[in-house]
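Heads up, the thing below is written out as structure tokens.
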Amino acid sequence: MNRSLPRRSQEPVAWSLFGAGGMLLAFLGPALVAITLLVLPALPAGDGASVHAAILAALRHPLGGLLAFFALALTFFHTVHRLCHGLHDLHVPLSARLVGWLGYGTATLLSLLAAVWLLGL
Amino acid sequence: MRKPLLPRQDALWWWRHPAYRRYMLREATALPLFLYALCLLYGVRELGRGETAFNAWLAFMGSPLIIVLQALALLAVLWHAWTWFQLVPKILVIPTRNGSVPGQWLRLAHLLPAVLCWVLLPLLAWWALGHVVGGAA
């Protein structure tokens with residue numbers, strides 16, 4: 001009966017996550033990299049305990065944790081989307097279905113890990 | 001005469017035109033950013049394993065290879081942001097009484113607050129963490 005219906009594409013879902021990740025990265029990405037590349041090493045050494053406690057407190061806060069989760073998960077989905085399409089552009093002889101399953105599967109798995117580890121803090 | 005078989009596009013097609021090369025560079029920004037996000041995910045795990053593990057992660061983030069990765073990620077994310085905001089007017093069209101809001105305004109309306117974020121958030125982090133570490137830094 002349903003055989004005449006076209007197969008639904010996953011592209012709208014993939015593109016929504018890609019778009020959300022792209023916007024988040026464009027606004028917050030440079031600041032985030034600047035913090036880990038420049039700010040963290042420039043902190044006075046010898047008091048690692050208080051930096052650890054401060055970042056732990058920030059990510060244990062529901063808002064901090066949620067922001068960290070979205071920053072990680074959407075970045076994974078954004079970059080995986082581009083990498084999958086990049087493989088296609090480079091004519092890598094792998095089926096789009098396989099690349100999609102591997103790519104978005106990896107992004108889903110990494111996002112789950114982020115959720116588990118953030119909730120476990 | 002029969003219709004000739006068109007040759008398949010080769011894998012280096014994007015190298016032959018500056019616009020295609022810019023496109024590939026934009027798509028390639030995803031690779032360092034993916035690896036950088038992996039580093040952050042690793043950091044979240046180490047954060048939960050206590051202070052010693054977290055300090056080891058800080059040292060990992062300071063190792064030469066990861067410094068290079070972060071520098072690449074910074075360049076990549078800046079190029080991503082620039083190209084991303086250039087495309088905004090193609091996706092976001094705001095109709096007005098006669099026409100639509102000019103694309104240049106939409107680009108600026110994204111780029112200016114973004115630049116503000118890029119400058120202010122690291123300063124905020126520097127200020128907040130400095131307070132935590134030194135009492136007054």
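Labeling convention for the structure tokens: chains A, B, ... as they appear, residues from 1 per chain, ligands from 1 in order of appearance.
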
**Report entry** Test item: residues at most 10 Å from Glu27 of chain B, only C-alpha atoms, excluding those fewer than 2 positions along its chain, as a PyMOL selection string
**Finding:** (chain A and resi 79+81-83+85-86+89) or (chain B and resi 21-25+29-31+76+80)

List every residue of chain A that has an atom at most 9 Å from any atom of chain B, giving for each one its closest atom pair and the distance in Å to one decimal, counting only C-alpha atoms, sorted by chain and then by ascending residue number, as CSV.
```
residue,atom,partner,partner_atom,distance
A:Gly22,CA,B:Trp84,CA,7.4
A:Met23,CA,B:Trp84,CA,7.7
A:Leu25,CA,B:Val77,CA,7.0
A:Ala26,CA,B:Ala81,CA,4.2
A:Phe27,CA,B:Ala114,CA,4.9
A:Leu28,CA,B:Cys117,CA,6.7
A:Gly29,CA,B:Val77,CA,6.2
A:Pro30,CA,B:Trp118,CA,5.7
A:Ala31,CA,B:Trp118,CA,4.5
A:Leu32,CA,B:Pro122,CA,7.4
A:Val33,CA,B:Leu74,CA,5.9
A:Ala34,CA,B:Pro122,CA,6.4
A:Ile35,CA,B:Pro122,CA,5.4
A:Thr36,CA,B:Met61,CA,7.7
A:Leu37,CA,B:Gln70,CA,6.4
A:Leu38,CA,B:Pro122,CA,8.6
A:Val39,CA,B:Trp126,CA,5.8
A:Leu40,CA,B:Leu58,CA,7.9
A:Pro41,CA,B:Gly62,CA,7.3
A:Ala42,CA,B:Trp126,CA,8.7
A:Leu43,CA,B:Gly130,CA,6.6
A:Pro44,CA,B:Val133,CA,7.2
A:Ala45,CA,B:Val133,CA,8.7
A:Gly46,CA,B:Val133,CA,8.9
A:Asp47,CA,B:Val133,CA,6.1
A:Gly48,CA,B:Asn55,CA,6.6
A:Ala49,CA,B:Glu51,CA,6.1
A:Ser50,CA,B:Val133,CA,6.0
A:Val51,CA,B:Val133,CA,6.5
A:His52,CA,B:Glu51,CA,6.0
A:Ala53,CA,B:Glu51,CA,8.1
A:Ala54,CA,B:Val132,CA,7.1
A:Ile55,CA,B:Leu47,CA,8.1
A:Leu56,CA,B:Leu47,CA,6.8
A:Leu59,CA,B:Val44,CA,8.9
A:Ala71,CA,B:Ala37,CA,8.7
A:Leu72,CA,B:Ala37,CA,6.3
A:Ala73,CA,B:Ala37,CA,8.9
A:Thr75,CA,B:Ala37,CA,6.9
A:Phe76,CA,B:Phe34,CA,6.2
A:His78,CA,B:Ala30,CA,7.7
A:Thr79,CA,B:Ala30,CA,4.5
A:Val80,CA,B:Ala30,CA,7.4
A:His81,CA,B:Ala30,CA,8.6
A:Arg82,CA,B:Glu27,CA,5.9
A:Leu83,CA,B:Ala30,CA,6.5
A:His85,CA,B:Glu27,CA,8.5
A:Gly86,CA,B:Glu27,CA,6.7
A:Asp89,CA,B:Ala11,CA,7.7
A:Leu90,CA,B:Ala11,CA,5.0
A:His91,CA,B:Ala11,CA,5.7
A:Val92,CA,B:Ala11,CA,8.1
A:Leu110,CA,B:Leu41,CA,8.2
A:Leu113,CA,B:Leu41,CA,8.2
A:Ala114,CA,B:Leu41,CA,6.3
A:Trp117,CA,B:Arg45,CA,5.8
A:Leu118,CA,B:Val44,CA,6.8
A:Gly120,CA,B:Gly48,CA,7.1
A:Leu121,CA,B:Gly48,CA,5.0
```

Requested in this report: Mind giving me the straight-line distance from atom CA of Gly103 of chain A to atom CA of Gly21 of chain A in Å, one decimal?
Outcome: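 Computed distance, atom CA of Gly103 of chain A to atom CA of Gly21 of chain A, equals 15.3 Å.
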
**Report entry** DSSP strand (DSSP E) residues within segment 2-113 of chain B, as number ranges by chain
**Finding:** B: 95-96, 99-100

Report task. Would you list, as a ChimeraX atom specification, the residues of chain A that end up in helix (DSSP H, G or I) under DSSP run on this structure's backbone? Result -> /A:2-4,11-42,48-60,62-89,96-119

Query - Nearest-residue call for Gly19 of chain A, choices B:Ile91, B:Leu108, B:Val101, B:Leu6, using only C-alpha atoms - result: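 Looking only at the distances to Gly19 of chain A, the closest residue turns out to be B:Ile91.
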